[in-house]
Each structure stands twice: as C-alpha cells, then as structure tokens.
file data.cif (mmCIF, C-alpha atoms)
data_model
#
loop_
_atom_site.label_atom_id
_atom_site.label_comp_id
_atom_site.auth_asym_id
_atom_site.auth_seq_id
_atom_site.Cartn_x
_atom_site.Cartn_y
_atom_site.Cartn_z
CA MET A 1 255.16 121.20 154.54
CA LYS A 2 256.48 117.64 154.53
CA ILE A 3 256.52 115.13 151.70
CA ILE A 4 255.92 111.38 151.69
CA LYS A 5 256.78 109.34 148.59
CA VAL A 6 255.11 105.98 148.01
CA ARG A 7 255.78 103.49 145.22
CA SER A 8 252.86 101.25 144.24
CA LYS A 9 253.42 97.86 142.59
CA ALA A 10 250.05 97.08 140.98
CA ARG A 11 247.24 98.87 139.12
CA GLU A 12 245.08 98.70 142.23
CA GLU A 13 246.52 98.51 145.71
CA MET A 14 246.00 99.82 149.24
CA ILE A 15 249.29 100.74 150.92
CA ASP A 16 249.47 101.36 154.68
CA ILE A 17 251.38 104.64 155.23
CA THR A 18 250.62 105.10 158.94
CA ARG A 19 254.25 104.71 160.05
CA GLU A 20 255.59 107.08 157.40
CA VAL A 21 253.11 109.71 158.61
CA GLU A 22 253.84 109.21 162.30
CA LYS A 23 257.60 109.53 161.74
CA LEU A 24 256.97 113.11 160.58
CA LEU A 25 254.64 114.18 163.42
CA PRO A 26 255.88 116.56 166.12
CA GLU A 27 256.86 114.60 169.24
CA LYS A 28 254.94 116.91 171.57
CA GLY A 29 251.66 118.78 171.39
CA GLU A 30 248.33 118.02 169.80
CA GLY A 31 246.50 119.12 166.70
CA VAL A 32 245.51 117.76 163.31
CA CYS A 33 247.50 116.21 160.50
CA VAL A 34 246.36 117.06 156.95
CA LEU A 35 247.37 114.60 154.21
CA PHE A 36 246.90 115.46 150.54
CA VAL A 37 247.81 113.35 147.53
CA GLN A 38 248.89 115.31 144.44
CA HIS A 39 247.34 112.95 141.88
CA THR A 40 243.96 112.41 140.24
CA THR A 41 243.96 108.62 139.95
CA CYS A 42 244.61 107.58 143.56
CA GLY A 43 243.20 108.50 146.94
CA LEU A 44 243.70 108.49 150.70
CA THR A 45 241.49 106.68 153.18
CA ILE A 46 241.34 105.26 156.67
CA ASN A 47 240.30 101.67 157.12
CA GLU A 48 241.18 98.36 158.74
CA ASN A 49 244.71 96.97 158.55
CA ALA A 50 244.16 93.80 160.63
CA ASP A 51 242.57 91.32 158.16
CA PRO A 52 244.05 91.85 154.66
CA ASP A 53 240.76 90.54 153.20
CA VAL A 54 239.17 93.92 153.98
CA LYS A 55 241.50 95.60 151.45
CA LYS A 56 240.94 92.80 148.91
CA ASP A 57 237.15 93.03 149.25
CA MET A 58 237.21 96.81 148.89
CA LEU A 59 239.35 96.76 145.75
CA LEU A 60 237.24 93.91 144.30
CA PHE A 61 234.01 95.80 144.90
CA LEU A 62 235.35 99.04 143.41
CA ARG A 63 236.76 97.22 140.36
CA LYS A 64 233.47 95.43 139.65
CA THR A 65 231.23 98.44 140.33
CA ILE A 66 233.41 101.07 138.62
CA PRO A 67 234.81 99.10 135.66
CA GLN A 68 237.72 100.39 133.59
CA PHE A 69 235.73 99.98 130.37
CA PHE A 70 232.29 101.34 131.29
CA GLU A 71 229.92 101.92 128.35
CA GLY A 72 230.19 105.54 127.23
CA PHE A 73 233.59 106.42 128.75
CA GLN A 74 235.50 108.67 126.33
CA HIS A 75 238.70 109.73 128.14
CA PHE A 76 241.57 108.70 125.85
CA GLU A 77 243.78 107.42 128.65
CA HIS A 78 241.24 104.69 129.55
CA ASN A 79 241.53 105.36 133.27
CA SER A 80 238.29 107.23 133.98
CA ASP A 81 237.50 104.50 136.52
CA ALA A 82 240.58 105.57 138.50
CA HIS A 83 239.57 109.26 138.36
CA ILE A 84 236.09 108.39 139.66
CA LYS A 85 237.44 106.21 142.47
CA SER A 86 239.80 109.06 143.40
CA SER A 87 236.92 111.52 143.79
CA LEU A 88 234.76 109.05 145.73
CA VAL A 89 237.47 107.92 148.14
CA GLY A 90 238.90 111.45 148.29
CA SER A 91 242.36 112.92 147.90
CA ASN A 92 242.72 114.39 151.38
CA ILE A 93 242.18 113.31 155.00
CA THR A 94 242.51 115.16 158.29
CA VAL A 95 243.39 113.16 161.40
CA PRO A 96 243.87 114.35 164.99
CA PHE A 97 247.28 113.63 166.55
CA GLN A 98 248.84 113.86 170.00
CA ASN A 99 252.51 113.60 171.03
CA GLY A 100 253.77 111.99 167.85
CA LYS A 101 250.86 109.56 167.34
CA LEU A 102 247.80 109.73 165.11
CA MET A 103 244.68 109.35 167.29
CA LEU A 104 243.48 106.31 165.36
CA GLY A 105 241.01 103.75 166.61
CA ARG A 106 242.17 100.21 167.40
CA TRP A 107 241.65 98.87 163.86
CA GLN A 108 242.41 102.00 161.83
CA ALA A 109 245.34 102.69 159.53
CA VAL A 110 246.00 105.35 156.88
CA PHE A 111 246.10 104.00 153.33
CA LEU A 112 247.17 105.32 149.98
CA CYS A 113 244.64 103.84 147.53
CA GLU A 114 246.31 103.25 144.17
CA PHE A 115 243.85 102.98 141.29
CA ASP A 116 246.13 103.40 138.27
CA GLY A 117 249.58 102.08 139.20
CA ALA A 118 252.25 100.98 139.37
CA ARG A 119 253.69 104.48 139.98
CA GLU A 120 255.46 106.71 142.45
CA ARG A 121 253.01 108.92 144.34
CA THR A 122 253.58 112.14 146.29
CA ILE A 123 251.67 112.96 149.48
CA LEU A 124 251.91 116.39 151.14
CA MET A 125 251.62 116.55 154.91
CA GLN A 126 250.85 119.64 156.96
CA THR A 127 250.42 119.61 160.74
CA LEU A 128 248.38 122.23 162.56
CA ILE A 129 248.91 122.64 166.30
CA SER A 130 245.74 123.19 168.31
CA ASN A 131 245.56 126.66 169.80
CA SER A 132 242.06 126.62 171.13
CA ASP A 133 242.31 125.77 174.81
CA MET B 1 235.93 133.54 156.65
CA LYS B 2 235.71 134.19 152.92
CA ILE B 3 232.86 133.41 150.56
CA ILE B 4 232.90 132.16 146.96
CA LYS B 5 229.68 132.24 144.93
CA VAL B 6 229.29 129.95 141.91
CA ARG B 7 226.41 129.79 139.44
CA SER B 8 225.82 126.42 137.75
CA LYS B 9 224.07 126.16 134.39
CA ALA B 10 222.93 122.52 134.24
CA ARG B 11 221.50 119.85 136.57
CA GLU B 12 224.89 118.11 136.63
CA GLU B 13 228.13 119.96 136.08
CA MET B 14 231.70 120.14 137.35
CA ILE B 15 232.93 123.75 137.64
CA ASP B 16 236.64 124.53 138.08
CA ILE B 17 236.95 127.04 140.96
CA THR B 18 240.74 126.89 141.42
CA ARG B 19 241.33 130.51 140.37
CA GLU B 20 238.56 131.88 142.57
CA VAL B 21 240.11 130.07 145.54
CA GLU B 22 243.68 131.19 144.81
CA LYS B 23 242.60 134.85 144.50
CA LEU B 24 241.59 134.70 148.18
CA LEU B 25 244.72 132.98 149.52
CA PRO B 26 247.25 134.98 151.56
CA GLU B 27 250.19 136.01 149.34
CA LYS B 28 252.79 134.86 151.87
CA GLY B 29 253.09 131.96 154.28
CA GLU B 30 251.96 128.37 154.15
CA GLY B 31 249.14 126.37 155.66
CA VAL B 32 245.91 124.69 154.61
CA CYS B 33 242.84 125.98 152.84
CA VAL B 34 239.50 124.54 153.99
CA LEU B 35 236.61 124.73 151.50
CA PHE B 36 233.05 123.93 152.56
CA VAL B 37 229.92 124.05 150.41
CA GLN B 38 226.73 125.02 152.29
CA HIS B 39 224.40 122.75 150.32
CA THR B 40 223.22 119.14 150.43
CA THR B 41 222.90 118.45 146.69
CA CYS B 42 226.36 119.38 145.43
CA GLY B 43 229.94 118.63 146.46
CA LEU B 44 233.58 119.61 146.24
CA THR B 45 236.31 117.48 144.74
CA ILE B 46 239.78 117.55 143.26
CA ASN B 47 240.32 115.97 139.88
CA GLU B 48 241.77 116.47 136.40
CA ASN B 49 241.09 119.65 134.42
CA ALA B 50 243.18 118.83 131.33
CA ASP B 51 240.95 116.52 129.24
CA PRO B 52 237.27 117.57 129.64
CA ASP B 53 236.27 113.94 128.97
CA VAL B 54 237.29 113.10 132.54
CA LYS B 55 234.47 115.31 133.87
CA LYS B 56 232.01 113.94 131.30
CA ASP B 57 232.88 110.33 132.17
CA MET B 58 232.55 111.01 135.89
CA LEU B 59 229.14 112.65 135.59
CA LEU B 60 227.98 109.91 133.19
CA PHE B 61 229.04 107.18 135.59
CA LEU B 62 227.41 108.83 138.61
CA ARG B 63 224.17 109.47 136.68
CA LYS B 64 223.92 105.86 135.51
CA THR B 65 224.94 104.30 138.82
CA ILE B 66 222.96 106.65 141.11
CA PRO B 67 219.81 107.27 139.03
CA GLN B 68 217.38 110.05 139.88
CA PHE B 69 214.46 107.61 139.95
CA PHE B 70 215.87 104.61 141.85
CA GLU B 71 213.29 102.01 142.92
CA GLY B 72 212.19 102.76 146.46
CA PHE B 73 213.22 106.42 146.71
CA GLN B 74 210.59 108.34 148.70
CA HIS B 75 211.95 111.90 149.12
CA PHE B 76 209.27 114.22 147.69
CA GLU B 77 211.73 116.54 145.95
CA HIS B 78 212.93 113.71 143.67
CA ASN B 79 216.58 114.61 144.14
CA SER B 80 217.77 111.87 146.50
CA ASP B 81 220.35 110.97 143.86
CA ALA B 82 221.90 114.42 144.32
CA HIS B 83 221.94 114.06 148.13
CA ILE B 84 223.70 110.69 147.82
CA LYS B 85 226.28 112.01 145.35
CA SER B 86 226.90 114.93 147.72
CA SER B 87 227.72 112.60 150.62
CA LEU B 88 229.90 110.31 148.48
CA VAL B 89 231.90 113.09 146.82
CA GLY B 90 231.87 115.12 150.05
CA SER B 91 231.05 118.71 150.92
CA ASN B 92 234.47 119.76 152.18
CA ILE B 93 238.10 119.54 151.09
CA THR B 94 241.34 120.63 152.73
CA VAL B 95 244.27 121.55 150.50
CA PRO B 96 247.78 122.72 151.48
CA PHE B 97 248.84 126.13 150.13
CA GLN B 98 252.04 128.17 149.96
CA ASN B 99 252.54 131.84 149.02
CA GLY B 100 249.19 132.36 147.32
CA LYS B 101 249.06 129.03 145.47
CA LEU B 102 247.30 125.76 146.25
CA MET B 103 249.89 122.95 146.34
CA LEU B 104 248.11 121.00 143.61
CA GLY B 105 249.66 118.31 141.45
CA ARG B 106 250.22 118.92 137.76
CA TRP B 107 246.78 117.70 136.63
CA GLN B 108 244.71 118.72 139.66
CA ALA B 109 242.03 121.39 139.92
CA VAL B 110 239.34 122.15 142.53
CA PHE B 111 235.79 121.52 141.32
CA LEU B 112 232.34 122.35 142.55
CA CYS B 113 230.25 119.29 141.61
CA GLU B 114 226.69 120.38 140.86
CA PHE B 115 224.19 117.53 141.12
CA ASP B 116 220.87 119.42 141.24
CA GLY B 117 221.29 122.69 139.32
CA ALA B 118 221.10 125.11 137.78
CA ARG B 119 221.54 127.23 140.95
CA GLU B 120 223.76 129.67 142.76
CA ARG B 121 225.99 127.91 145.29
CA THR B 122 227.89 129.30 148.29
CA ILE B 123 231.31 128.01 149.31
CA LEU B 124 232.97 129.05 152.59
CA MET B 125 236.74 129.30 152.66
CA GLN B 126 238.90 129.36 155.77
CA THR B 127 242.71 129.44 155.67
CA LEU B 128 244.84 128.16 158.54
CA ILE B 129 248.46 129.24 158.72
CA SER B 130 250.90 126.53 159.73
CA ASN B 131 252.49 127.15 163.10
CA SER B 132 254.25 123.88 163.60
CA ASP B 133 257.86 124.39 162.62
CA MET C 1 240.83 117.19 172.01
CA LYS C 2 237.20 116.58 172.83
CA ILE C 3 235.22 113.33 172.62
CA ILE C 4 231.64 112.68 171.52
CA LYS C 5 230.08 109.27 172.21
CA VAL C 6 227.12 108.09 170.12
CA ARG C 7 225.09 104.91 170.54
CA SER C 8 223.45 103.52 167.39
CA LYS C 9 220.36 101.32 167.54
CA ALA C 10 220.32 99.56 164.17
CA ARG C 11 222.79 98.00 161.69
CA GLU C 12 222.38 101.02 159.40
CA GLU C 13 221.41 104.43 160.69
CA MET C 14 222.17 108.14 160.22
CA ILE C 15 222.31 109.99 163.55
CA ASP C 16 222.25 113.80 163.68
CA ILE C 17 225.10 114.94 166.00
CA THR C 18 225.02 118.67 165.17
CA ARG C 19 223.94 119.73 168.68
CA GLU C 20 226.52 117.54 170.41
CA VAL C 21 229.23 119.17 168.27
CA GLU C 22 228.01 122.73 168.80
CA LYS C 23 227.89 122.27 172.59
CA LEU C 24 231.68 121.74 172.50
CA LEU C 25 232.56 124.70 170.23
CA PRO C 26 234.22 127.80 171.69
CA GLU C 27 231.63 130.55 172.27
CA LYS C 28 233.75 133.21 170.60
CA GLY C 29 236.08 133.33 167.62
CA GLU C 30 236.09 131.59 164.28
CA GLY C 31 237.93 128.69 162.72
CA VAL C 32 237.33 125.11 161.67
CA CYS C 33 236.02 122.09 163.53
CA VAL C 34 237.60 118.74 162.64
CA LEU C 35 235.55 115.63 163.40
CA PHE C 36 237.07 112.16 163.18
CA VAL C 37 235.40 108.83 163.90
CA GLN C 38 237.69 106.15 165.36
CA HIS C 39 236.05 103.20 163.59
CA THR C 40 236.27 101.45 160.23
CA THR C 41 232.61 100.51 159.72
CA CYS C 42 230.90 103.88 160.09
CA GLY C 43 231.40 107.38 158.71
CA LEU C 44 230.70 111.07 159.06
CA THR C 45 228.80 113.17 156.55
CA ILE C 46 226.86 116.36 156.09
CA ASN C 47 223.42 116.17 154.56
CA GLU C 48 219.78 117.20 154.94
CA ASN C 49 217.96 116.80 158.25
CA ALA C 50 214.59 118.29 157.19
CA ASP C 51 212.83 115.42 155.38
CA PRO C 52 213.74 112.09 157.03
CA ASP C 53 213.16 110.37 153.66
CA VAL C 54 216.55 111.71 152.51
CA LYS C 55 218.29 109.54 155.12
CA LYS C 56 216.07 106.54 154.28
CA ASP C 57 216.76 106.88 150.54
CA MET C 58 220.51 107.18 151.13
CA LEU C 59 220.70 104.09 153.36
CA LEU C 60 218.45 102.16 150.93
CA PHE C 61 220.65 103.04 147.97
CA LEU C 62 223.87 102.15 149.78
CA ARG C 63 222.43 98.84 151.03
CA LYS C 64 221.26 97.80 147.56
CA THR C 65 224.39 98.97 145.73
CA ILE C 66 226.95 97.77 148.30
CA PRO C 67 225.34 94.53 149.52
CA GLN C 68 226.56 92.75 152.64
CA PHE C 69 227.00 89.48 150.73
CA PHE C 70 228.64 90.58 147.46
CA GLU C 71 230.04 87.75 145.32
CA GLY C 72 233.71 87.31 146.11
CA PHE C 73 233.84 88.97 149.53
CA GLN C 74 236.20 87.02 151.81
CA HIS C 75 236.46 89.02 155.07
CA PHE C 76 235.46 86.61 157.84
CA GLU C 77 233.40 89.18 159.77
CA HIS C 78 230.95 89.55 156.87
CA ASN C 79 230.92 93.33 157.11
CA SER C 80 233.06 94.33 154.13
CA ASP C 81 230.08 96.35 152.89
CA ALA C 82 230.35 98.51 156.01
CA HIS C 83 234.12 99.01 155.52
CA ILE C 84 233.54 100.08 151.91
CA LYS C 85 230.74 102.51 152.85
CA SER C 86 233.02 103.93 155.54
CA SER C 87 235.77 104.72 153.01
CA LEU C 88 233.32 106.17 150.45
CA VAL C 89 231.44 108.38 152.92
CA GLY C 90 234.65 109.15 154.79
CA SER C 91 235.68 109.07 158.44
CA ASN C 92 236.46 112.76 158.85
CA ILE C 93 234.88 116.12 158.07
CA THR C 94 236.08 119.70 158.53
CA VAL C 95 233.45 122.41 159.02
CA PRO C 96 233.94 126.17 159.52
CA PHE C 97 232.49 127.62 162.75
CA GLN C 98 231.91 131.06 164.20
CA ASN C 99 230.95 132.06 167.77
CA GLY C 100 229.76 128.65 168.91
CA LYS C 101 227.89 127.70 165.73
CA LEU C 102 228.88 125.51 162.78
CA MET C 103 228.56 127.57 159.57
CA LEU C 104 226.09 125.12 158.05
CA GLY C 105 223.72 125.88 155.21
CA ARG C 106 219.98 126.05 155.85
CA TRP C 107 219.33 122.34 155.28
CA GLN C 108 222.62 120.90 156.53
CA ALA C 109 223.30 118.78 159.59
CA VAL C 110 226.25 116.64 160.71
CA PHE C 111 225.53 112.90 160.75
CA LEU C 112 227.24 109.83 162.10
CA CYS C 113 226.56 107.14 159.48
CA GLU C 114 226.33 103.77 161.18
CA PHE C 115 226.91 100.85 158.79
CA ASP C 116 227.51 97.96 161.22
CA GLY C 117 225.58 98.67 164.42
CA ALA C 118 224.13 98.70 166.90
CA ARG C 119 227.23 99.90 168.80
CA GLU C 120 228.74 102.75 170.76
CA ARG C 121 230.92 104.96 168.55
CA THR C 122 233.63 107.47 169.50
CA ILE C 123 234.16 110.72 167.60
CA LEU C 124 237.18 112.95 168.25
CA MET C 125 236.73 116.70 167.85
CA GLN C 126 239.51 119.24 167.44
CA THR C 127 238.89 122.96 166.88
CA LEU C 128 241.42 125.19 165.15
CA ILE C 129 241.10 128.95 165.59
CA SER C 130 241.73 130.98 162.46
CA ASN C 131 244.88 133.07 162.71
CA SER C 132 245.10 134.28 159.16
CA ASP C 133 243.65 137.79 159.13
#

call {"tool": "encode", "arguments": {"input": "data.cif", "output": "structure tokens"}}
result
Amino acid sequence: MKIIKVRSKAREEMIDITREVEKLLPEKGEGVCVLFVQHTTCGLTINENADPDVKKDMLLFLRKTIPQFFEGFQHFEHNSDAHIKSSLVGSNITVPFQNGKLMLGRWQAVFLCEFDGARERTILMQTLISNSD
Amino acid sequence: MKIIKVRSKAREEMIDITREVEKLLPEKGEGVCVLFVQHTTCGLTINENADPDVKKDMLLFLRKTIPQFFEGFQHFEHNSDAHIKSSLVGSNITVPFQNGKLMLGRWQAVFLCEFDGARERTILMQTLISNSD
Amino acid sequence: MKIIKVRSKAREEMIDITREVEKLLPEKGEGVCVLFVQHTTCGLTINENADPDVKKDMLLFLRKTIPQFFEGFQHFEHNSDAHIKSSLVGSNITVPFQNGKLMLGRWQAVFLCEFDGARERTILMQTLISNSD
C-alpha cells in the first residue's frame, strides 16, 4: 500500500497527479493501479490535461448544476454539494500500467478533484500485477 | 466470489453495507476489494455515514435533478431515472483493504444506493491479494 | 493486456461490447476484468440492454442536462459536455468473471458510451485471477 498526499489551494480544483502515481509504479511488469481517495468531499477522475479550459468548464458546470446552497439541503456543514460531486465523479479509479507507466491515452491524465478545499488529501495506491497469461 | 444480499425498504435509499463487506474480508494480508452490484437501477458508492443529512441531501438532489417523469422519457417501466442514476453513481467500486478492514477514511462508509426499490439486491465481492512488493 | 477497438457512428451512442469482452476472457478460473477507455470524451458503463429505450432516455437526459453549448464554456473544441459526461460516467469499470463469462445480472450489459463521435475508440482490458481462497 502506498500513499500520495496532495494539498489543494481552492474550494474547487482539479490537480494532475499522474507523475506522483507513476513515480510509485513498479519499473517492470504489467497490471492495474488502484487509486482510492480517503475523503467524502473530493474525487478522482481521468480527463484531459492539454487545454486547461477543460478543467475550468468542468468545475463551472458542476458548480452551477450542483450548487452549494440547493433548496432543501440540511447538512449542517453546508458542503452537501461536495459530497454529491464526490459520489458522481467517484472516489476510486483503476488504470492499467506497464513497465512504470500508466497506459493512458494521448490526452489523459489522472486528477484529484477537490470540491471542498483548500485541504490536504490522502490517496491510497495499490498495484496488482497481472497473473493471467 | 462472495455474495452479499441487501433488502431495501423504499424507492430511494442509501444503505450502509460496510460491516457486511468487512465480515467477508480475509483476516490477514492486504489487497483490494471489488464490489459489483448485479442490477441496473441501483449503485454502489462511498460517502459519509456520520450525519444522516448527507444521505438525505444526496437523494433529494438526485430526485429533483433526475426526475422520474422527465419530458421525453420513453422506457415503458417508468424508471429511466433509476437507470441514469445507476450509471452516474456506478455499479462497482474498488477499495483497498488490510487485515480484515477496508482502508476507509474517517468519515467514509460503503453504501448500496437504491433508486428503484423496495427490492432485494445482490452484490458480488471479489478480493485480490496484493502481490507486488 | 488486451485491446478492444470500437467504431461509433454518431456523436452520442451507447454500444454494447459485452461479447467482445467475453471473447477475451480466460475460459477457466475466476477473478475480475478491468476495462479502461483511453479517451477523454467517452466512457464505460453497465446498464440494461433489453429495452433500447433505456439507452435513448439516458442519452436524451445527458444531452439536455449537460448541453454542448453551456453558458460560460471556453474550451475551443466545443466538446466540454463530452469531457464532463466522460468523468461522470467514468472511464473504467471492474467486473467479476468466472469461466469465460462476466458475472452480470440478468439485465446487465457493458457499454461504451460515445459522447463525441463518430470515431474509433480503444479499450484496454486486463484480467486479474483471484488468488485469495
């Protein structure tokens, strides 16, 4: 089990953690890398890291569609929007790897999605070596 | 392959299944636990189990934003909302474990998200032991 | 690591790839099958393949709720909607299998969700044999 720590700087932010993950991959062999964030108000996703407007548009859309002060919300911490975004984006991803590299497509990167920062976040990483052929 | 059966009591409900999962984990070793629900109108997620208002706010938001009778829906069973929620929340999660415990954060629990109950639901559980270091 | 290629025919489409996946599963043994799509404007999900109206209703809802031209979107390719749908539906799924078959429920199938087609899409597949009992 390996641990990645990430510090966010805003309430809502997408932080590229691809390099931090790849540093911890085994140099040889292939399998899958499981990433799991131990929090209920952020998430993990894979998306484009080329044009930063993709991240901006995604956070804008989520903020407008899942507003912090939605009529009827009762949770006393006033961050139900962040909990909902966390469950929709998801708190875990599983990505194939080979010889120290995630098998990402040309435009893909791994992002921590912060929805209730700024905070330090903890991501667990477990690699499973393929044993099937 | 292990099986967890859960009975929901309402059309929409989030049911904490953390204990049922941990009962079936191996007592020693570490790896990942894969959970998979064999239905198309419910989901699995990880979120907060401390303040019950988090669950209420999440179900309220999903019900208002993904209404059962959305203009244009044609599926004859009138539960397209539940199918959509299932795909957005997701039908599978993968969580690291160690010595009989899921490696959850302080506020995290594993939930079955019922979107078209009340019904009995079947969850498959597969554990994979880490072999990578 | 195995590869599945899928060609979509429309901007938005759900394509059943269950058979293509099962053809590549090992004939004996049990474990989990990890599927990962190497693109940022499509996704992978599990949902119903019996009534085709389920797919139509899902794509209709996503198109109306996450419009291509949402006020404030800045990404120059004008496909931020597809990036957002990709992160909400997710780019990876993990499904238990046994003796050459995915352990799907009665109504479940595996779908590639195209949100910015028509294009050829690449899905990576990695199987992990269970070693835990």

call {"tool": "residues_around", "arguments": {"input": "data.cif", "residues": "Asp16 in chain C", "least_positions_apart": "3", "cutoff": "8 Å", "atoms": "all atoms listed in the file", "output": "list in words"}}
result
Arg19, Asn49, Ala109, Val110, Phe111 and Leu112 of chain C

call {"tool": "residues_around", "arguments": {"input": "data.cif", "residues": "range 74-91 of chain A", "least_positions_apart": "3", "cutoff": "6 Å", "atoms": "all atoms listed in the file", "output": "list in words"}}
result
Phe36, Val37, Thr40, Thr41, Cys42, Gly43, Leu44, Ile66, Gln68, Phe115 and Asp116 of chain A; Asp53, Val54, Met58, Leu88 and Val89 of chain B; Leu88 of chain C

call {"tool": "calpha_fit_and_write", "arguments": {"input": "data.cif", "fixed": "chain B", "moving": "chain C", "output": "short mmCIF file (atom, residue, chain, number, x, y, z; two decimals) with C-alpha atoms, in the frame of the given file"}}
result
data_model
loop_
_atom_site.label_atom_id
_atom_site.label_comp_id
_atom_site.auth_asym_id
_atom_site.auth_seq_id
_atom_site.Cartn_x
_atom_site.Cartn_y
_atom_site.Cartn_z
CA MET C 1 235.94 133.53 156.64
CA LYS C 2 235.71 134.19 152.94
CA ILE C 3 232.85 133.40 150.55
CA ILE C 4 232.90 132.16 146.95
CA LYS C 5 229.68 132.23 144.92
CA VAL C 6 229.29 129.94 141.91
CA ARG C 7 226.40 129.78 139.45
CA SER C 8 225.81 126.42 137.75
CA LYS C 9 224.06 126.15 134.39
CA ALA C 10 222.93 122.52 134.23
CA ARG C 11 221.48 119.84 136.55
CA GLU C 12 224.88 118.10 136.64
CA GLU C 13 228.12 119.95 136.09
CA MET C 14 231.71 120.14 137.36
CA ILE C 15 232.93 123.74 137.63
CA ASP C 16 236.63 124.53 138.08
CA ILE C 17 236.96 127.05 140.97
CA THR C 18 240.75 126.88 141.43
CA ARG C 19 241.33 130.50 140.38
CA GLU C 20 238.54 131.86 142.58
CA VAL C 21 240.12 130.06 145.55
CA GLU C 22 243.67 131.19 144.81
CA LYS C 23 242.60 134.84 144.49
CA LEU C 24 241.57 134.70 148.18
CA LEU C 25 244.72 132.99 149.53
CA PRO C 26 247.27 134.98 151.54
CA GLU C 27 250.21 136.00 149.32
CA LYS C 28 252.80 134.84 151.84
CA GLY C 29 253.10 131.96 154.27
CA GLU C 30 251.97 128.36 154.16
CA GLY C 31 249.15 126.35 155.65
CA VAL C 32 245.92 124.68 154.61
CA CYS C 33 242.84 125.98 152.84
CA VAL C 34 239.50 124.54 153.98
CA LEU C 35 236.62 124.72 151.51
CA PHE C 36 233.06 123.92 152.55
CA VAL C 37 229.92 124.03 150.42
CA GLN C 38 226.74 125.03 152.28
CA HIS C 39 224.39 122.76 150.32
CA THR C 40 223.23 119.15 150.42
CA THR C 41 222.91 118.44 146.69
CA CYS C 42 226.37 119.37 145.43
CA GLY C 43 229.95 118.63 146.45
CA LEU C 44 233.58 119.60 146.24
CA THR C 45 236.32 117.48 144.73
CA ILE C 46 239.78 117.55 143.25
CA ASN C 47 240.34 115.98 139.88
CA GLU C 48 241.78 116.49 136.40
CA ASN C 49 241.08 119.66 134.42
CA ALA C 50 243.18 118.84 131.33
CA ASP C 51 240.93 116.54 129.26
CA PRO C 52 237.28 117.59 129.65
CA ASP C 53 236.26 113.97 128.97
CA VAL C 54 237.29 113.11 132.54
CA LYS C 55 234.48 115.32 133.88
CA LYS C 56 232.01 113.95 131.31
CA ASP C 57 232.88 110.33 132.17
CA MET C 58 232.55 111.01 135.90
CA LEU C 59 229.13 112.67 135.60
CA LEU C 60 227.98 109.92 133.19
CA PHE C 61 229.03 107.18 135.59
CA LEU C 62 227.41 108.84 138.60
CA ARG C 63 224.17 109.48 136.68
CA LYS C 64 223.91 105.87 135.51
CA THR C 65 224.93 104.31 138.83
CA ILE C 66 222.96 106.66 141.11
CA PRO C 67 219.82 107.28 139.04
CA GLN C 68 217.38 110.06 139.90
CA PHE C 69 214.45 107.61 139.96
CA PHE C 70 215.86 104.60 141.84
CA GLU C 71 213.27 102.02 142.92
CA GLY C 72 212.19 102.76 146.47
CA PHE C 73 213.21 106.42 146.70
CA GLN C 74 210.59 108.35 148.70
CA HIS C 75 211.95 111.91 149.11
CA PHE C 76 209.27 114.21 147.70
CA GLU C 77 211.73 116.54 145.94
CA HIS C 78 212.93 113.72 143.66
CA ASN C 79 216.58 114.61 144.14
CA SER C 80 217.77 111.87 146.49
CA ASP C 81 220.36 110.97 143.86
CA ALA C 82 221.90 114.42 144.31
CA HIS C 83 221.95 114.06 148.13
CA ILE C 84 223.69 110.69 147.82
CA LYS C 85 226.29 112.00 145.34
CA SER C 86 226.90 114.92 147.70
CA SER C 87 227.72 112.60 150.62
CA LEU C 88 229.91 110.30 148.48
CA VAL C 89 231.90 113.10 146.83
CA GLY C 90 231.89 115.11 150.04
CA SER C 91 231.05 118.70 150.92
CA ASN C 92 234.47 119.75 152.18
CA ILE C 93 238.10 119.55 151.09
CA THR C 94 241.35 120.64 152.75
CA VAL C 95 244.27 121.56 150.49
CA PRO C 96 247.79 122.71 151.47
CA PHE C 97 248.85 126.13 150.11
CA GLN C 98 252.04 128.15 149.95
CA ASN C 99 252.54 131.83 149.01
CA GLY C 100 249.19 132.34 147.33
CA LYS C 101 249.06 129.03 145.47
CA LEU C 102 247.29 125.75 146.25
CA MET C 103 249.89 122.94 146.33
CA LEU C 104 248.10 121.00 143.60
CA GLY C 105 249.66 118.30 141.46
CA ARG C 106 250.23 118.92 137.76
CA TRP C 107 246.80 117.71 136.63
CA GLN C 108 244.73 118.73 139.65
CA ALA C 109 242.04 121.38 139.93
CA VAL C 110 239.35 122.15 142.53
CA PHE C 111 235.80 121.53 141.31
CA LEU C 112 232.34 122.34 142.54
CA CYS C 113 230.25 119.29 141.60
CA GLU C 114 226.71 120.38 140.85
CA PHE C 115 224.19 117.52 141.12
CA ASP C 116 220.87 119.42 141.24
CA GLY C 117 221.29 122.67 139.31
CA ALA C 118 221.09 125.11 137.79
CA ARG C 119 221.51 127.22 140.96
CA GLU C 120 223.75 129.66 142.77
CA ARG C 121 225.98 127.89 145.30
CA THR C 122 227.89 129.29 148.29
CA ILE C 123 231.31 127.99 149.32
CA LEU C 124 232.95 129.05 152.59
CA MET C 125 236.74 129.30 152.66
CA GLN C 126 238.91 129.37 155.77
CA THR C 127 242.72 129.46 155.68
CA LEU C 128 244.84 128.17 158.55
CA ILE C 129 248.47 129.25 158.72
CA SER C 130 250.90 126.53 159.73
CA ASN C 131 252.46 127.17 163.12
CA SER C 132 254.21 123.89 163.62
CA ASP C 133 257.84 124.45 162.66
#

call {"tool": "residues_near_point", "arguments": {"input": "data.cif", "point": "(234.0, 93.1, 141.9)", "cutoff": "12 Å", "atoms": "all atoms listed in the file", "output": "ChimeraX atom specification"}}
result
/A:56-68 /C:65-67,69-74

call {"tool": "residues_around", "arguments": {"input": "data.cif", "residues": "Lys28 in chain A", "least_positions_apart": "3", "cutoff": "9 Å", "atoms": "only C-alpha atoms", "output": "ChimeraX atom specification"}}
result
/A:25,98-100

call {"tool": "atom_distance", "arguments": {"input": "data.cif", "atom1": "CA of Arg121 in chain C", "atom2": "CA of Gln38 in chain B"}}
result
26.2 Å

call {"tool": "resolve_selection", "arguments": {"input": "data.cif", "expression": "the PyMOL selection byres ((chain C and resi 4) around 10)", "output": "number ranges by chain"}}
result
C: 2-3, 5-6, 17, 20-21, 24, 35-37, 121-125

call {"tool": "atom_distance", "arguments": {"input": "data.cif", "atom1": "CA of Leu128 in chain C", "atom2": "CA of Phe97 in chain B"}}
result
16.8 Å

call {"tool": "closest_residue", "arguments": {"input": "data.cif", "among": "B:Glu30, B:Glu13, B:Ala50, B:Met1", "to": "Val95 in chain C", "atoms": "only C-alpha atoms"}}
result
B:Met1

call {"tool": "atom_distance", "arguments": {"input": "data.cif", "atom1": "CA of Lys9 in chain A", "atom2": "CA of Trp107 in chain A"}}
result
24.3 Å

call {"tool": "closest_residue", "arguments": {"input": "data.cif", "among": "C:Gln126, C:Val34, C:Glu114, C:Thr45", "to": "Thr94 in chain B", "atoms": "all atoms listed in the file"}}
result
C:Val34

call {"tool": "closest_residue", "arguments": {"input": "data.cif", "among": "C:Val32, C:Cys113, C:Ala118, C:Ile129", "to": "chain A", "atoms": "all atoms listed in the file"}}
result
C:Ile129
